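One structure below.
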Amino acid sequence: MQIIQPCAELLGEPDGTAMLRQVERCGRVCYKSEWRTTEDSYAGFVRKILANGHEAVLEHASATVRVVCDRGVSHEIVRHRMASYCQESTRYVAYDDIEVVCPQGLSEAQFAAWEAAMLACEAAYKRLREQGCAPQTARSVLPNALKTELTMTANLREWRHFFRLRLAPAAHPQMREVAGLILEELRAKIPIVFDEFAAKENT
């Protein structure tokens, strides 16, 4: 058994400036103001539509992120229906040793109890596999803490909705951790759209 840390990676090396120029090109149709487009007018235009709450224009650009987290967090992520997903399948992937993500904030005694439970799950899974169970049957004993990988593609408006929910103080601590990792990736490549969430990330 191996304990791993969650992570996120933006796929495809997107050109954030080009994405926002696309948003501007589409959005200016609403106002018939295409003639105002310049080399750098996208920045002011995007800031204005955000201030006005005209976020539908952001649906003309999307981003894909690869996430490593536990299956419990993945169940929260895939509830965002305005997105596309591919996820590691426990039906078809056979594990020799499992990888798990440890929840935050455990005391020493709590960690010992958690670790013992994870080792017991791993041992039960291996016994079932040795007895001829297919991965899709043996997976029933795998823990919620099992590491999973998924890719998520969403338009920029949906990513903003995702961060409003998943960075909120009431969100699950592990979900907030993963959302913060995704935000860091998107803010590094796509200017303006996600700046407002940086200040909220650690509140």
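By order in the structure tokens, chains are A, B, ...; within a chain, residues start at 1; ligands start at 1, following the order shown.
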(request) Mind checking which residues fall within 8 Å of Ile190 (chain A), counting only C-alpha atoms, ignoring those fewer than 5 positions away in the same chain, and posting them as a list in words? (result)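 My list of contacting residues is Asp15, Gly16, Thr17, Met19 and Leu20 of chain A.
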Output file for the residues above (C-alpha atoms, as an mmCIF file, in the first residue's frame):
```
data_model
loop_
_atom_site.group_PDB
_atom_site.id
_atom_site.type_symbol
_atom_site.label_atom_id
_atom_site.label_comp_id
_atom_site.auth_asym_id
_atom_site.auth_seq_id
_atom_site.Cartn_x
_atom_site.Cartn_y
_atom_site.Cartn_z
ATOM 1 C CA ASP A 15 -3.166 29.515 -24.808
ATOM 2 C CA GLY A 16 -5.206 31.480 -22.290
ATOM 3 C CA THR A 17 -4.889 34.737 -24.192
ATOM 4 C CA MET A 19 -9.077 31.647 -25.398
ATOM 5 C CA LEU A 20 -10.066 35.067 -24.115
#
```
(message) Could you list, as a list in words, every residue within 10 Å of Leu142 (chain A), counting only C-alpha atoms and ignoring same-chain residues fewer than 5 positions away?
(response)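 Once the adjacent positions are removed, what remains is Arg71, Thr90, Ile98, Val100, Met118, Ala120, Cys121, Glu122, Ala123, Ala124 and Tyr125 of chain A.
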Those selected residues, please, written with N, CA, C and O atoms and delivered as a tab-separated table (two decimals), in the first residue's frame.
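Final output, saved to part-v4.tsv:
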```tsv
chain	number	residue	atom	x	y	z
A	71	ARG	N	-11.48	8.45	-4.26
A	71	ARG	CA	-12.75	8.22	-4.94
A	71	ARG	C	-13.88	9.00	-4.30
A	71	ARG	O	-14.85	9.37	-4.98
A	90	THR	N	-12.38	0.89	-11.72
A	90	THR	CA	-12.05	-0.23	-10.84
A	90	THR	C	-12.65	-1.53	-11.35
A	90	THR	O	-12.33	-2.60	-10.83
A	98	ILE	N	-2.56	-1.27	-3.52
A	98	ILE	CA	-3.43	-0.11	-3.70
A	98	ILE	C	-2.71	1.18	-3.31
A	98	ILE	O	-1.77	1.16	-2.49
A	100	VAL	N	-3.64	5.04	-1.83
A	100	VAL	CA	-4.72	5.71	-1.10
A	100	VAL	C	-4.31	7.14	-0.78
A	100	VAL	O	-3.12	7.48	-0.75
A	118	MET	N	-7.10	0.62	5.94
A	118	MET	CA	-6.66	0.58	4.54
A	118	MET	C	-5.91	-0.73	4.23
A	118	MET	O	-6.12	-1.36	3.19
A	120	ALA	N	-6.29	-3.54	5.79
A	120	ALA	CA	-7.27	-4.64	5.81
A	120	ALA	C	-8.03	-4.70	4.48
A	120	ALA	O	-8.28	-5.79	3.95
A	121	CYS	N	-8.39	-3.54	3.93
A	121	CYS	CA	-9.07	-3.50	2.63
A	121	CYS	C	-8.17	-4.07	1.54
A	121	CYS	O	-8.62	-4.85	0.69
A	122	GLU	N	-6.91	-3.68	1.56
A	122	GLU	CA	-5.98	-4.18	0.56
A	122	GLU	C	-5.83	-5.70	0.67
A	122	GLU	O	-5.84	-6.41	-0.35
A	123	ALA	N	-5.71	-6.20	1.88
A	123	ALA	CA	-5.56	-7.64	2.09
A	123	ALA	C	-6.80	-8.39	1.60
A	123	ALA	O	-6.69	-9.45	0.96
A	124	ALA	N	-7.99	-7.86	1.88
A	124	ALA	CA	-9.22	-8.51	1.44
A	124	ALA	C	-9.32	-8.52	-0.08
A	124	ALA	O	-9.71	-9.54	-0.69
A	125	TYR	N	-8.93	-7.42	-0.71
A	125	TYR	CA	-8.95	-7.34	-2.17
A	125	TYR	C	-8.02	-8.38	-2.78
A	125	TYR	O	-8.39	-9.11	-3.71
```
Could I get the residues of region 137-160 of chain A with an atom no further than 10 Å from an atom of region 41-57 of chain A, each paired with its nearest atom pair and that distance in Å to one decimal, using only C-alpha atoms, sorted by chain and residue number, as a tab-separated table?
```
residue	atom	partner	partner_atom	distance
A:Asn155	CA	A:Ala56	CA	9.8
A:Leu156	CA	A:Glu55	CA	8.7
A:Arg157	CA	A:Glu55	CA	6.0
A:Glu158	CA	A:Glu55	CA	9.4
A:Arg160	CA	A:Glu55	CA	9.2
```
(request) Within 7 Å of Pro6 (chain A), counting only C-alpha atoms, which residues show up once you throw out same-chain ones fewer than 3 positions away? Write them as a count of residues only, please. (result) 3
(request) State, in Å with one decimal place, the distance from CA of Tyr31 (chain A) to CA of Pro191 (chain A). (result) 23.0 Å
(request) Could you give me, as a ChimeraX atom specification, each residue of region 54-182 of chain A that DSSP assigns to strand (DSSP E) when run on this structure's backbone? (result) /A:62-70,83-87,99-101,147-155
(request) Taking the DSSP assignment computed from this structure's backbone, write out as a PyMOL selection string all residues of region 61-120 of chain A that belong to alpha helix (DSSP H). (result) chain A and resi 71-77+108-120
Quick one: write out the picked residues with N, CA, C and O atoms as a compact mmCIF listing (two decimals), in the first residue's frame?
```txt
# COMPACT_ATOMS: atom_id res chain seq x y z
N ARG A 71 -11.48 8.45 -4.26
CA ARG A 71 -12.75 8.22 -4.94
C ARG A 71 -13.88 9.00 -4.30
O ARG A 71 -14.85 9.37 -4.98
N GLY A 72 -13.79 9.28 -3.01
CA GLY A 72 -14.82 10.09 -2.37
C GLY A 72 -14.88 11.48 -2.97
O GLY A 72 -15.96 12.00 -3.28
N VAL A 73 -13.73 12.11 -3.15
CA VAL A 73 -13.67 13.43 -3.78
C VAL A 73 -14.12 13.35 -5.23
O VAL A 73 -14.85 14.22 -5.72
N SER A 74 -13.74 12.28 -5.92
CA SER A 74 -14.14 12.16 -7.33
C SER A 74 -15.66 12.10 -7.47
O SER A 74 -16.21 12.60 -8.45
N HIS A 75 -16.35 11.51 -6.50
CA HIS A 75 -17.81 11.46 -6.56
C HIS A 75 -18.41 12.87 -6.49
O HIS A 75 -19.46 13.13 -7.08
N GLU A 76 -17.77 13.76 -5.77
CA GLU A 76 -18.23 15.15 -5.71
C GLU A 76 -17.94 15.87 -7.03
O GLU A 76 -18.76 16.64 -7.53
N ILE A 77 -16.76 15.63 -7.58
CA ILE A 77 -16.38 16.30 -8.82
C ILE A 77 -17.35 15.95 -9.96
O ILE A 77 -17.83 16.84 -10.67
N GLU A 108 -2.46 11.24 15.62
CA GLU A 108 -1.62 10.05 15.48
C GLU A 108 -2.45 8.78 15.66
O GLU A 108 -2.32 7.82 14.89
N ALA A 109 -3.34 8.78 16.66
CA ALA A 109 -4.18 7.60 16.91
C ALA A 109 -5.17 7.39 15.77
O ALA A 109 -5.43 6.24 15.36
N GLN A 110 -5.74 8.48 15.28
CA GLN A 110 -6.69 8.37 14.17
C GLN A 110 -6.01 7.84 12.92
O GLN A 110 -6.56 7.02 12.19
N PHE A 111 -4.79 8.33 12.66
CA PHE A 111 -4.06 7.84 11.50
C PHE A 111 -3.78 6.35 11.61
O PHE A 111 -3.90 5.61 10.63
N ALA A 112 -3.42 5.89 12.81
CA ALA A 112 -3.13 4.47 13.01
C ALA A 112 -4.37 3.62 12.70
O ALA A 112 -4.27 2.57 12.05
N ALA A 113 -5.53 4.10 13.16
CA ALA A 113 -6.78 3.37 12.89
C ALA A 113 -7.10 3.38 11.40
O ALA A 113 -7.51 2.36 10.82
N TRP A 114 -6.92 4.53 10.77
CA TRP A 114 -7.17 4.66 9.32
C TRP A 114 -6.25 3.75 8.53
O TRP A 114 -6.68 3.02 7.63
N GLU A 115 -4.96 3.76 8.87
CA GLU A 115 -3.99 2.96 8.15
C GLU A 115 -4.30 1.47 8.28
O GLU A 115 -4.22 0.70 7.30
N ALA A 116 -4.70 1.05 9.47
CA ALA A 116 -5.06 -0.36 9.68
C ALA A 116 -6.24 -0.75 8.81
O ALA A 116 -6.27 -1.86 8.24
N ALA A 117 -7.22 0.14 8.70
CA ALA A 117 -8.38 -0.14 7.86
C ALA A 117 -7.99 -0.25 6.38
O ALA A 117 -8.48 -1.13 5.65
N MET A 118 -7.10 0.62 5.94
CA MET A 118 -6.66 0.58 4.54
C MET A 118 -5.91 -0.73 4.23
O MET A 118 -6.12 -1.36 3.19
N LEU A 119 -5.05 -1.14 5.16
CA LEU A 119 -4.30 -2.39 4.98
C LEU A 119 -5.24 -3.59 4.96
O LEU A 119 -5.04 -4.54 4.18
N ALA A 120 -6.29 -3.54 5.79
CA ALA A 120 -7.27 -4.64 5.81
C ALA A 120 -8.03 -4.70 4.48
O ALA A 120 -8.28 -5.79 3.95
```
(message) Between A:Thr148, A:Gln22, A:Thr64, A:Gln174, which residue has the minimum interatomic distance to Glu88 (chain A), considering only C-alpha atoms?
(response) A:Thr148
(message) List as a VMD selection string the protein and nucleic acid residues near region 183-187 of chain A, meaning an atom at most 9 Å away when only C-alpha atoms are counted, but skip any in the same chain fewer than 4 places from it.
(response) chain A and resid 8 to 10 16 63 65 159 163 178 to 179 191 to 195 197 to 198 201
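Using only C-alpha atoms, the nearest neighbour of Asn144 (chain A) within the list A:Val101, A:Cys7, A:Ala94, A:Ala83 is A:Val101.
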(request) For Val78 (chain A), list every protein, DNA or RNA residue within 12 Å, evaluated using only C-alpha atoms, and leave out those in the same chain fewer than 4 positions away; present the list as a VMD selection string. (result) chain A and resid 67 71 to 74 82 to 87 150 to 154 162 175
(request) Would you work out the distance separating CA of Cys102 (chain A) from CA of Ala145 (chain A), expressed in Å to one decimal? (result) 6.8 Å
(request) Rank A:Glu99, A:Pro135, A:His80, A:Val93 by their smallest atom-to-atom distance to Leu165 (chain A), using only C-alpha atoms, and report the top residue only. (result) A:His80
